[in-house]
>>> print(open('start_22.txt').read())   # compact mmCIF, C-alpha atoms and all ligand atoms
# COMPACT_ATOMS: atom_id res chain seq x y z
CA MET A 29 163.77 -56.77 -4.00
CA GLN A 30 167.45 -57.79 -4.13
CA SER A 31 168.24 -61.45 -3.70
CA LEU A 32 171.46 -62.12 -1.76
CA THR A 33 174.06 -64.81 -1.42
CA ILE A 34 176.25 -64.32 1.66
CA LEU A 35 179.51 -66.27 1.44
CA GLY A 36 180.92 -66.56 4.96
CA ALA A 37 177.61 -65.74 6.67
CA THR A 38 178.80 -67.10 10.02
CA GLY A 39 181.85 -64.81 10.23
CA SER A 40 182.21 -61.29 11.55
CA ILE A 41 181.32 -59.63 8.22
CA GLY A 42 178.56 -62.16 7.50
CA VAL A 43 176.87 -61.52 10.85
CA SER A 44 177.11 -57.74 10.36
CA THR A 45 175.62 -58.12 6.86
CA LEU A 46 172.64 -60.06 8.19
CA ASP A 47 172.18 -57.41 10.88
CA VAL A 48 171.76 -54.76 8.15
CA VAL A 49 169.60 -57.06 6.00
CA ALA A 50 167.25 -57.71 8.94
CA ARG A 51 166.56 -53.97 9.15
CA HIS A 52 165.25 -53.90 5.56
CA PRO A 53 162.98 -56.89 4.86
CA ASP A 54 161.27 -54.83 2.14
CA ARG A 55 164.54 -54.54 0.15
CA TYR A 56 166.48 -57.78 0.60
CA ARG A 57 165.76 -61.46 0.66
CA VAL A 58 168.38 -64.14 1.25
CA PHE A 59 168.92 -66.76 -1.44
CA ALA A 60 171.93 -68.55 0.06
CA LEU A 61 174.03 -68.55 3.24
CA THR A 62 177.37 -70.33 3.65
CA GLY A 63 179.59 -71.17 6.61
CA GLN A 64 182.48 -73.58 6.93
CA THR A 65 181.92 -74.84 10.45
CA ARG A 66 179.66 -73.15 13.05
CA VAL A 67 176.63 -75.26 12.09
CA ASP A 68 174.50 -74.12 15.05
CA LEU A 69 174.86 -70.47 14.09
CA LEU A 70 174.12 -71.25 10.44
CA ALA A 71 170.97 -73.14 11.47
CA THR A 72 169.82 -70.15 13.55
CA GLN A 73 170.45 -67.87 10.56
CA CYS A 74 168.45 -70.22 8.32
CA ALA A 75 165.53 -70.12 10.76
CA GLN A 76 165.58 -66.32 10.72
CA PHE A 77 166.23 -65.63 7.00
CA HIS A 78 164.79 -68.69 5.24
CA PRO A 79 167.43 -69.05 2.49
CA GLU A 80 166.74 -71.45 -0.37
CA VAL A 81 170.22 -72.97 -0.01
CA ALA A 82 172.83 -73.29 2.76
CA VAL A 83 176.39 -74.46 2.08
CA VAL A 84 178.84 -75.91 4.63
CA GLY A 85 182.38 -77.27 4.43
CA SER A 86 181.98 -81.05 4.74
CA ALA A 87 179.53 -83.92 4.37
CA GLU A 88 179.56 -84.30 8.14
CA ALA A 89 178.64 -80.65 8.73
CA ALA A 90 175.97 -80.96 6.03
CA ALA A 91 174.38 -83.92 7.85
CA GLN A 92 174.39 -81.95 11.11
CA LEU A 93 172.82 -78.89 9.47
CA GLN A 94 170.30 -81.05 7.63
CA ALA A 95 169.12 -82.49 10.95
CA LEU A 96 168.65 -79.00 12.44
CA ILE A 97 166.84 -77.76 9.31
CA LYS A 98 164.49 -80.75 9.54
CA ARG A 99 163.95 -80.21 13.27
CA ASP A 100 162.94 -76.59 12.57
CA GLY A 101 160.65 -77.56 9.66
CA LEU A 102 162.57 -75.39 7.16
CA GLY A 103 162.74 -75.84 3.39
CA THR A 104 166.44 -74.93 2.99
CA GLU A 105 168.45 -77.22 0.73
CA VAL A 106 171.84 -78.16 2.27
CA LEU A 107 174.96 -78.55 0.11
CA PHE A 108 178.68 -78.74 0.88
CA GLY A 109 182.04 -78.05 -0.73
CA GLU A 110 183.74 -75.53 -2.99
CA GLN A 111 181.73 -76.35 -6.10
CA ALA A 112 178.51 -75.62 -4.21
CA LEU A 113 179.97 -72.28 -3.03
CA CYS A 114 180.68 -71.36 -6.65
CA GLU A 115 177.17 -72.40 -7.68
CA VAL A 116 175.40 -70.23 -5.09
CA ALA A 117 177.76 -67.32 -5.93
CA SER A 118 176.85 -67.48 -9.63
CA SER A 119 173.24 -68.73 -9.49
CA ALA A 120 170.64 -66.94 -11.61
CA SER A 121 168.53 -66.83 -8.44
CA CYS A 122 170.74 -64.19 -6.81
CA ASP A 123 171.51 -60.58 -7.81
CA THR A 124 174.02 -59.64 -5.13
CA VAL A 125 176.88 -61.58 -3.56
CA MET A 126 178.61 -60.65 -0.31
CA ALA A 127 182.07 -62.27 -0.58
CA ALA A 128 183.10 -62.62 3.07
CA ILE A 129 185.02 -65.90 3.25
CA VAL A 130 188.44 -65.35 4.82
CA GLY A 131 191.63 -66.03 2.87
CA ALA A 132 192.42 -67.84 -0.37
CA ALA A 133 189.50 -70.20 0.32
CA GLY A 134 187.26 -67.41 -0.96
CA LEU A 135 189.01 -67.02 -4.30
CA ARG A 136 187.03 -69.39 -6.54
CA PRO A 137 183.59 -68.47 -5.12
CA SER A 138 184.37 -64.72 -5.32
CA LEU A 139 185.64 -65.14 -8.87
CA ALA A 140 182.53 -67.14 -9.78
CA ALA A 141 180.39 -64.15 -8.73
CA ALA A 142 182.64 -61.82 -10.75
CA HIS A 143 182.34 -64.01 -13.86
CA ALA A 144 178.57 -64.22 -13.43
CA GLY A 145 178.21 -60.42 -13.55
CA LYS A 146 176.79 -60.05 -10.05
CA LYS A 147 176.65 -56.97 -7.89
CA LEU A 148 179.68 -58.08 -5.90
CA LEU A 149 180.34 -56.78 -2.39
CA LEU A 150 183.97 -57.68 -1.79
CA ALA A 151 185.23 -58.16 1.77
CA ASN A 152 187.51 -61.09 0.86
CA LYS A 153 190.54 -58.92 0.06
CA GLU A 154 192.83 -61.95 -0.24
CA ALA A 155 190.97 -63.01 -3.42
CA LEU A 156 191.89 -59.73 -5.10
CA VAL A 157 195.45 -59.75 -3.75
CA ILE A 158 196.03 -63.23 -5.18
CA SER A 159 194.37 -62.88 -8.56
CA GLY A 160 194.55 -59.10 -9.23
CA GLN A 161 194.34 -58.64 -12.98
CA LEU A 162 192.39 -61.88 -13.56
CA PHE A 163 189.79 -60.73 -11.06
CA MET A 164 189.45 -57.25 -12.55
CA ASP A 165 189.27 -58.73 -16.06
CA ALA A 166 186.42 -61.02 -14.95
CA VAL A 167 184.56 -58.01 -13.52
CA ALA A 168 185.10 -55.96 -16.68
CA SER A 169 184.10 -58.68 -19.14
CA SER A 170 180.94 -59.74 -17.28
CA GLY A 171 179.80 -56.25 -16.33
CA ALA A 172 179.78 -57.13 -12.62
CA VAL A 173 179.42 -54.16 -10.26
CA LEU A 174 182.29 -54.40 -7.80
CA LEU A 175 181.78 -52.56 -4.52
CA PRO A 176 184.46 -52.57 -1.81
CA ILE A 177 183.47 -53.55 1.73
CA ASP A 178 186.88 -53.09 3.32
CA SER A 179 186.22 -49.85 5.26
CA GLU A 180 189.21 -48.01 3.75
CA HIS A 181 188.35 -48.92 0.16
CA ASN A 182 184.70 -48.21 0.72
CA ALA A 183 185.74 -44.78 2.04
CA ILE A 184 187.94 -44.15 -1.01
CA PHE A 185 185.12 -45.26 -3.30
CA GLN A 186 182.82 -42.76 -1.58
CA CYS A 187 185.41 -39.96 -1.98
CA LEU A 188 185.81 -40.52 -5.73
CA PRO A 189 183.47 -38.90 -8.24
CA ILE A 190 180.71 -41.27 -9.38
CA GLY A 191 181.70 -42.85 -12.67
CA TYR A 192 185.43 -42.33 -12.04
CA GLN A 193 186.00 -45.06 -9.49
CA ARG A 194 188.78 -46.56 -11.61
CA VAL A 195 191.02 -43.53 -11.21
CA PRO A 196 193.66 -42.87 -13.78
CA PRO A 197 195.68 -39.80 -12.75
CA GLN A 198 194.17 -37.72 -15.55
CA HIS A 199 191.03 -37.40 -13.44
CA GLY A 200 192.97 -35.15 -11.10
CA ILE A 201 193.70 -37.64 -8.35
CA ARG A 202 197.07 -36.98 -6.75
CA LYS A 203 197.10 -39.67 -4.08
CA ILE A 204 195.10 -42.18 -2.17
CA LEU A 205 195.66 -41.77 1.57
CA LEU A 206 195.02 -45.15 3.15
CA THR A 207 194.52 -44.79 6.89
CA ALA A 208 195.69 -47.43 9.36
CA SER A 209 195.03 -47.63 13.10
CA GLY A 210 198.45 -49.22 13.66
CA GLY A 211 196.78 -52.02 15.63
CA PRO A 212 197.44 -53.04 19.24
CA PHE A 213 201.27 -52.80 19.04
CA LEU A 214 201.71 -49.32 17.60
CA ASP A 215 203.54 -48.12 20.70
CA ARG A 216 204.59 -51.38 22.36
CA ASP A 217 208.29 -51.73 23.22
CA LEU A 218 209.87 -53.51 20.21
CA ALA A 219 212.10 -55.54 22.53
CA SER A 220 208.99 -57.24 23.92
CA PHE A 221 207.52 -58.30 20.54
CA ASP A 222 208.64 -61.90 21.04
CA SER A 223 206.43 -62.28 24.11
CA ILE A 224 203.24 -61.22 22.27
CA THR A 225 200.49 -63.81 22.73
CA PRO A 226 197.70 -64.66 20.25
CA GLU A 227 195.14 -63.19 22.69
CA GLN A 228 197.02 -59.87 22.75
CA ALA A 229 197.34 -59.87 18.96
CA VAL A 230 193.64 -60.44 18.26
CA ALA A 231 192.54 -57.71 20.71
CA HIS A 232 192.22 -54.83 18.23
CA PRO A 233 191.79 -51.42 19.90
CA ASN A 234 188.98 -50.19 17.59
CA TRP A 235 187.48 -53.01 15.51
CA SER A 236 185.93 -56.38 16.36
CA MET A 237 186.91 -58.81 13.56
CA GLY A 238 187.77 -62.43 12.75
CA ARG A 239 191.02 -63.82 14.18
CA LYS A 240 193.05 -63.90 10.95
CA ILE A 241 192.42 -60.27 9.98
CA SER A 242 193.00 -59.25 13.61
CA VAL A 243 196.51 -60.76 13.55
CA ASP A 244 197.04 -59.15 10.13
CA SER A 245 196.14 -55.81 11.70
CA ALA A 246 198.65 -56.37 14.50
CA THR A 247 201.49 -57.07 12.02
CA MET A 248 200.10 -54.43 9.63
CA MET A 249 200.06 -57.08 6.89
CA ASN A 250 196.39 -56.13 6.72
CA LYS A 251 197.41 -52.66 5.54
CA GLY A 252 199.87 -54.22 3.13
CA LEU A 253 197.12 -56.39 1.63
CA GLU A 254 194.97 -53.26 1.44
CA VAL A 255 197.65 -51.37 -0.50
CA ILE A 256 197.54 -54.15 -3.11
CA GLU A 257 193.74 -54.18 -2.98
CA ALA A 258 193.65 -50.40 -3.61
CA HIS A 259 196.04 -50.82 -6.53
CA TRP A 260 193.63 -53.20 -8.28
CA LEU A 261 190.36 -51.55 -7.30
CA PHE A 262 191.34 -48.01 -8.22
CA GLY A 263 194.09 -48.45 -10.79
CA ALA A 264 196.58 -46.63 -8.55
CA SER A 265 200.32 -47.27 -8.64
CA ALA A 266 202.28 -48.03 -5.47
CA ALA A 267 203.66 -44.48 -5.57
CA GLN A 268 200.11 -43.07 -5.58
CA ILE A 269 199.14 -44.93 -2.40
CA GLU A 270 200.29 -43.51 0.92
CA VAL A 271 199.68 -45.19 4.26
CA VAL A 272 198.86 -42.78 7.11
CA ILE A 273 198.66 -43.93 10.72
CA HIS A 274 195.48 -42.64 12.35
CA PRO A 275 195.01 -44.41 15.69
CA GLN A 276 191.36 -43.38 16.29
CA SER A 277 189.97 -45.09 13.13
CA VAL A 278 187.45 -42.28 12.60
CA ILE A 279 188.65 -41.26 9.13
CA HIS A 280 188.45 -44.44 7.08
CA SER A 281 190.64 -43.13 4.22
CA MET A 282 191.06 -40.09 1.96
CA VAL A 283 191.60 -39.02 -1.63
CA ALA A 284 193.95 -36.10 -2.39
CA TYR A 285 193.22 -34.15 -5.58
CA ALA A 286 195.44 -32.04 -7.85
CA ASP A 287 193.83 -28.79 -6.68
CA GLY A 288 194.90 -29.43 -3.07
CA SER A 289 191.52 -30.75 -1.89
CA VAL A 290 191.54 -33.82 0.33
CA LEU A 291 188.21 -35.66 0.70
CA ALA A 292 187.68 -38.00 3.64
CA GLN A 293 184.94 -40.36 4.81
CA LEU A 294 184.35 -40.45 8.57
CA GLY A 295 182.31 -42.70 10.80
CA ASN A 296 182.32 -44.92 13.85
CA PRO A 297 184.43 -48.06 13.38
CA ASP A 298 181.52 -50.40 12.57
CA MET A 299 181.50 -52.50 9.40
CA ARG A 300 177.73 -52.12 9.07
CA THR A 301 178.37 -48.67 7.55
CA PRO A 302 180.34 -49.85 4.47
CA ILE A 303 178.07 -52.93 4.22
CA ALA A 304 174.91 -50.78 4.15
CA HIS A 305 176.56 -48.36 1.72
CA ALA A 306 177.35 -51.14 -0.74
CA LEU A 307 174.04 -52.98 -0.29
CA ALA A 308 172.00 -49.87 -1.09
CA TYR A 309 174.42 -48.18 -3.52
CA PRO A 310 173.76 -45.62 -4.95
CA GLU A 311 171.03 -45.04 -2.37
CA ARG A 312 171.53 -44.74 1.41
CA ILE A 313 169.85 -46.82 4.09
CA ASP A 314 169.94 -47.12 7.88
CA SER A 315 172.75 -49.41 9.06
CA GLY A 316 172.12 -49.31 12.81
CA VAL A 317 175.35 -47.31 13.32
CA ASP A 318 175.17 -44.13 15.40
CA ALA A 319 176.40 -40.79 14.06
CA ILE A 320 179.88 -39.85 15.23
CA ASP A 321 180.19 -37.52 18.18
CA LEU A 322 183.14 -35.34 17.18
CA ALA A 323 183.22 -33.35 20.43
CA ARG A 324 183.52 -36.59 22.39
CA ILE A 325 186.28 -37.88 20.07
CA GLY A 326 188.02 -34.56 20.66
CA GLN A 327 191.04 -34.96 18.43
CA LEU A 328 192.28 -36.90 15.43
CA ASP A 329 195.96 -37.88 15.25
CA PHE A 330 198.14 -38.79 12.28
CA ARG A 331 201.69 -40.06 11.84
CA LYS A 332 203.92 -41.85 9.38
CA PRO A 333 204.11 -45.66 9.44
CA ASP A 334 207.26 -47.26 10.87
CA PHE A 335 208.39 -49.86 8.32
CA LEU A 336 211.00 -51.32 10.70
CA ARG A 337 208.41 -51.99 13.38
CA PHE A 338 206.02 -53.41 10.76
CA PRO A 339 208.15 -55.20 8.11
CA CYS A 340 205.03 -56.87 6.63
CA LEU A 341 203.95 -53.49 5.26
CA GLN A 342 207.24 -53.15 3.40
CA LEU A 343 206.95 -56.71 2.05
CA ALA A 344 203.54 -55.86 0.58
CA PHE A 345 204.90 -52.77 -1.21
CA ASP A 346 207.78 -54.95 -2.47
CA VAL A 347 205.52 -57.65 -3.98
CA LEU A 348 203.37 -55.00 -5.62
CA GLN A 349 206.51 -53.78 -7.40
CA SER A 350 207.56 -57.34 -8.30
CA GLY A 351 204.14 -58.18 -9.76
CA GLY A 352 203.36 -61.61 -11.23
CA CYS A 353 202.61 -64.27 -8.63
CA ALA A 354 204.54 -62.49 -5.87
CA PRO A 355 201.39 -61.13 -4.13
CA ALA A 356 199.90 -64.66 -4.18
CA VAL A 357 203.09 -66.04 -2.62
CA LEU A 358 203.04 -63.33 0.05
CA ASN A 359 199.40 -64.09 0.83
CA ALA A 360 199.93 -67.85 1.04
CA ALA A 361 202.96 -67.52 3.32
CA ASN A 362 201.06 -65.06 5.50
CA GLU A 363 198.12 -67.44 5.89
CA ILE A 364 200.47 -70.23 7.00
CA ALA A 365 202.44 -67.93 9.33
CA VAL A 366 199.34 -66.43 10.97
CA GLN A 367 197.84 -69.86 11.60
CA ALA A 368 201.16 -71.08 13.05
CA PHE A 369 201.25 -68.03 15.34
CA LEU A 370 197.64 -68.58 16.46
CA ASP A 371 198.49 -72.24 17.14
CA GLY A 372 201.42 -71.20 19.34
CA ARG A 373 204.03 -72.69 16.99
CA ILE A 374 205.93 -69.47 16.20
CA GLY A 375 206.44 -66.10 17.84
CA PHE A 376 204.96 -62.84 16.57
CA SER A 377 208.18 -61.50 14.99
CA ARG A 378 208.66 -64.77 13.13
CA ILE A 379 205.54 -64.07 11.00
CA ALA A 380 207.27 -61.43 8.87
CA GLN A 381 210.52 -63.43 8.70
CA LEU A 382 208.72 -66.52 7.47
CA ILE A 383 206.97 -64.56 4.72
CA ALA A 384 210.24 -62.89 3.64
CA GLU A 385 212.04 -66.25 3.52
CA THR A 386 209.21 -67.82 1.51
CA LEU A 387 209.28 -64.94 -0.97
CA HIS A 388 213.03 -65.40 -1.27
CA ARG A 389 212.73 -69.13 -2.00
CA VAL A 390 209.71 -69.20 -4.33
CA PRO A 391 210.55 -67.61 -7.66
CA SER A 392 207.82 -65.28 -8.89
CA ALA A 393 206.36 -66.65 -12.10
CA ALA A 394 204.23 -64.53 -14.43
CA VAL A 395 200.47 -64.96 -14.03
CA ASP A 396 198.69 -66.46 -16.98
CA THR A 397 195.88 -68.63 -15.68
CA LEU A 398 194.02 -69.20 -12.45
CA ASP A 399 195.43 -72.72 -12.32
CA SER A 400 199.02 -71.48 -12.54
CA LEU A 401 198.32 -68.96 -9.78
CA LEU A 402 196.81 -71.60 -7.53
CA ALA A 403 199.75 -73.90 -8.23
CA GLN A 404 202.09 -71.12 -7.07
CA ASP A 405 199.92 -70.64 -4.00
CA GLN A 406 200.41 -74.32 -3.17
CA VAL A 407 204.18 -74.16 -3.71
CA ALA A 408 204.37 -71.16 -1.39
CA ARG A 409 202.30 -72.90 1.30
CA ALA A 410 204.50 -75.99 1.15
CA GLN A 411 207.63 -73.83 1.38
CA ALA A 412 206.29 -71.82 4.33
CA LEU A 413 205.28 -75.03 6.12
CA ALA A 414 208.73 -76.50 5.53
CA LEU A 415 210.26 -73.39 7.10
CA LEU A 416 208.19 -73.93 10.24
CA HIS A 417 210.10 -77.10 11.13
P1 LIG B 501 185.76 -64.63 10.06
O1 LIG B 501 186.85 -65.55 10.40
O2 LIG B 501 184.97 -64.00 11.17
O3 LIG B 501 184.71 -65.37 9.09
C1 LIG B 501 185.13 -66.09 7.97
C2 LIG B 501 183.96 -66.78 7.27
O4 LIG B 501 184.50 -67.59 6.22
C3 LIG B 501 183.16 -67.72 8.17
O5 LIG B 501 181.81 -67.72 7.78
C4 LIG B 501 183.79 -69.08 7.88
O6 LIG B 501 182.91 -70.16 8.11
C5 LIG B 501 184.12 -68.95 6.41
N1 LIG B 501 185.24 -69.80 6.02
C6 LIG B 501 186.43 -69.94 6.67
N2 LIG B 501 187.22 -70.83 6.01
C7 LIG B 501 186.51 -71.26 4.94
C8 LIG B 501 186.76 -72.20 3.89
N3 LIG B 501 187.93 -72.88 3.83
N4 LIG B 501 185.82 -72.39 2.95
C9 LIG B 501 184.65 -71.73 3.01
N5 LIG B 501 184.33 -70.82 3.98
C10 LIG B 501 185.25 -70.60 4.94
O7 LIG B 501 186.39 -63.50 9.11
P2 LIG B 501 185.90 -61.98 8.91
O8 LIG B 501 186.56 -61.11 9.92
O9 LIG B 501 184.41 -61.93 8.76
O10 LIG B 501 186.60 -61.65 7.52
C11 LIG B 501 186.09 -62.13 6.29
C12 LIG B 501 186.81 -61.42 5.15
O11 LIG B 501 186.48 -60.03 5.21
C13 LIG B 501 188.33 -61.50 5.23
O12 LIG B 501 188.87 -61.58 3.94
C14 LIG B 501 188.73 -60.18 5.87
O13 LIG B 501 190.01 -59.74 5.49
C15 LIG B 501 187.66 -59.25 5.30
N6 LIG B 501 187.41 -58.07 6.12
C16 LIG B 501 186.91 -58.22 7.38
C17 LIG B 501 186.67 -57.10 8.17
C18 LIG B 501 186.08 -57.23 9.56
O14 LIG B 501 185.78 -56.22 10.18
N7 LIG B 501 185.86 -58.41 10.07
C19 LIG B 501 186.97 -55.82 7.67
C20 LIG B 501 187.49 -55.72 6.38
C21 LIG B 501 187.69 -56.84 5.61
MG MG B 502 190.29 -52.51 6.26
>>> encode(input="start_22.txt", output="structure tokens")
Amino acid sequence: MQSLTILGATGSIGVSTLDVVARHPDRYRVFALTGQTRVDLLATQCAQFHPEVAVVGSAEAAAQLQALIKRDGLGTEVLFGEQALCEVASSASCDTVMAAIVGAAGLRPSLAAAHAGKKLLLANKEALVISGQLFMDAVASSGAVLLPIDSEHNAIFQCLPIGYQRVPPQHGIRKILLTASGGPFLDRDLASFDSITPEQAVAHPNWSMGRKISVDSATMMNKGLEVIEAHWLFGASAAQIEVVIHPQSVIHSMVAYADGSVLAQLGNPDMRTPIAHALAYPERIDSGVDAIDLARIGQLDFRKPDFLRFPCLQLAFDVLQSGGCAPAVLNAANEIAVQAFLDGRIGFSRIAQLIAETLHRVPSAAVDTLDSLLAQDQVARAQALALLH
């Protein structure tokens, strides 16, 4: 029996995780569930999965959840705040942590799980983008088992030989081929980019996801963050990571070997597949996802990414080269820009400009401690906000 903490249980990944968990009551029990706001959904999840602890974002939300827990006669303890998130992520009462909070807000809780040596299912890519080496050092020193949930990285993990998941080139890996759908604006007339609405940007052609990652997919910043994520997870240099546009999202990524072999992982675009893979690893369990019907799909297309259409992708490669705090600055500016776009304060094309201007203004310091990284994150946010006015 594995005992789980699900950080971000009320989000898209959290809900998919609970869907898989519900199929295997003999294997998994839930120790803790967390959600920032959607108290009603969290209460429903508590009634179904009976966690020992539930964590919300504020005292007010905690009081609301507490009332619902009492109404339903449940024994779940209700806590709130970042410290509580870190406690449930590192508690001796859980073996496995699904890190599915969105953005930098997930950094400390995800890191707490890494330090505590958990089996760590990482969806919260921003945590790794921000803290890179610190994160991987925490995993290495605690003996945590880090399993990628991002579909591309989970695919790469599956295409690497067991035991060689940190891939120095001497293991015969030539390249990592990171596939990208290209999002909803792959073929849209560039001249009309300024009239893109938030609703159009969050309508991804293949995947149903939270709003922030959906906008990231539309700008292709998501792929940029994933390039940095792949660098840390697999020890690959920027030159060893190639982005390939594949609009159908059937191949989730590939690994090219020195002998000319290219291994790919295929499947329907449904996050329950990588979630089930990581939950059961190294075994395999039912995820509720149908097998792919290749005859119906008919054909798979590939093309090169257009860095002029998607400047965010170039910015991500640039900060990977710069190193230090630059990826944290990029991430912070992106979070501010995406929120401003969703709030109708800036146009779609302004997202990339705002990030570039923030990177230009915030000097990239070297990373030594988590506190210095988070300080840089705050400086970048303040700078990006100032540029909004
Ligand atoms: P979402 O917006 O649907 O859910 C986010 C979750 O985080 C919610 O439970 C929310 O309550 C919680 N949260 C938000 N702000 C918080 C805060 N300040 N403190 C604590 N909790 C907070 O997002 P999602 O689509 O599920 O994505 C979650 C993470 O997984 C992101 O990092 C995303 O990049 C990654 N990811 C998602 C998908 C996908 O298909 N949705 C695929 C790959 C990777
Ligand atoms: Mg992905």
>>> residues_around(input="start_22.txt", residues="A:Leu69", least_positions_apart="2", cutoff="12 Å", atoms="only C-alpha atoms", output="VMD selection string")
chain A and resid 36 to 39 42 to 43 61 to 67 71 to 76 82 84 92 to 93 96 to 97
>>> closest_atom_pairs(input="start_22.txt", of="stretch 319-417 of chain A", to="stretch 211-217 of chain A", cutoff="12 Å", atoms="all atoms listed in the file", output="JSON lines")
{"residue": "A:Arg331", "atom": "CA", "partner": "A:Leu214", "partner_atom": "CA", "distance": 10.9}
{"residue": "A:Lys332", "atom": "CA", "partner": "A:Leu214", "partner_atom": "CA", "distance": 11.3}
{"residue": "A:Pro333", "atom": "CA", "partner": "A:Leu214", "partner_atom": "CA", "distance": 9.3}
{"residue": "A:Asp334", "atom": "CA", "partner": "A:Leu214", "partner_atom": "CA", "distance": 9.0}
{"residue": "A:Phe335", "atom": "CA", "partner": "A:Leu214", "partner_atom": "CA", "distance": 11.4}
{"residue": "A:Leu336", "atom": "CA", "partner": "A:Leu214", "partner_atom": "CA", "distance": 11.7}
{"residue": "A:Arg337", "atom": "CA", "partner": "A:Leu214", "partner_atom": "CA", "distance": 8.4}
{"residue": "A:Phe338", "atom": "CA", "partner": "A:Leu214", "partner_atom": "CA", "distance": 9.1}
{"residue": "A:Phe376", "atom": "CA", "partner": "A:Phe213", "partner_atom": "CA", "distance": 11.0}
{"residue": "A:Ser377", "atom": "CA", "partner": "A:Phe213", "partner_atom": "CA", "distance": 11.8}
>>> residues_around(input="start_22.txt", residues="A:Val395", least_positions_apart="2", cutoff="7 Å", atoms="all atoms listed in the file", output="number ranges by chain")
A: 352-353, 393, 397, 400-401
>>> atom_distance(input="start_22.txt", atom1="atom CA of A:Ser281", atom2="atom CA of A:Lys147")
23.1 Å
>>> atom_distance(input="start_22.txt", atom1="atom CA of A:Arg389", atom2="atom CA of A:His417")
15.6 Å
>>> residues_near_ligand(input="start_22.txt", ligand="ligand MG 502 (chain B)", cutoff="8 Å", atoms="all atoms listed in the file", output="short mmCIF file (atom, residue, chain, number, x, y, z; two decimals) with C-alpha atoms, in the frame of the given file")
data_model
loop_
_atom_site.label_atom_id
_atom_site.label_comp_id
_atom_site.auth_asym_id
_atom_site.auth_seq_id
_atom_site.Cartn_x
_atom_site.Cartn_y
_atom_site.Cartn_z
CA ASP A 178 186.88 -53.09 3.32
CA SER A 179 186.22 -49.85 5.26
CA GLU A 180 189.21 -48.01 3.75
CA HIS A 181 188.35 -48.92 0.16
CA ASN A 250 196.39 -56.13 6.72
CA LYS A 251 197.41 -52.66 5.54
CA GLU A 254 194.97 -53.26 1.44
#
>>> residues_near_point(input="start_22.txt", point="(201.0, -72.2, 12.4)", cutoff="12 Å", atoms="all atoms listed in the file", output="PyMOL selection string")
chain A and resi 226+240+361-376+378-379+382+409+412-417
>>> residues_around(input="start_22.txt", residues="A:Arg312", least_positions_apart="6", cutoff="12 Å", atoms="all atoms listed in the file", output="MDAnalysis selection string")
chainID A and resid 52 186 301:306
>>> residues_near_point(input="start_22.txt", point="(177.0, -59.6, -1.7)", cutoff="7 Å", atoms="all atoms listed in the file", output="MDAnalysis selection string")
chainID A and resid 32:34 124:127 147:149
>>> axis_aligned_box(input="start_22.txt", around="ligand LIG 501 (chain B)", padding_each_side="6 Å", output="AutoDock Vina command-line options")
--center_x 185.9 --center_y -64.3 --center_z 7.1 --size_x 20.2 --size_y 29.2 --size_z 20.2
>>> residues_around(input="start_22.txt", residues="stretch 108-111 of chain A", least_positions_apart="2", cutoff="6 Å", atoms="only C-alpha atoms", output="number ranges by chain")
A: 83-86, 113-114
>>> closest_residue(input="start_22.txt", among="A:Ile201, A:Leu307, A:Val290, A:Ala403", to="A:Ser265", atoms="all atoms listed in the file")
A:Ile201
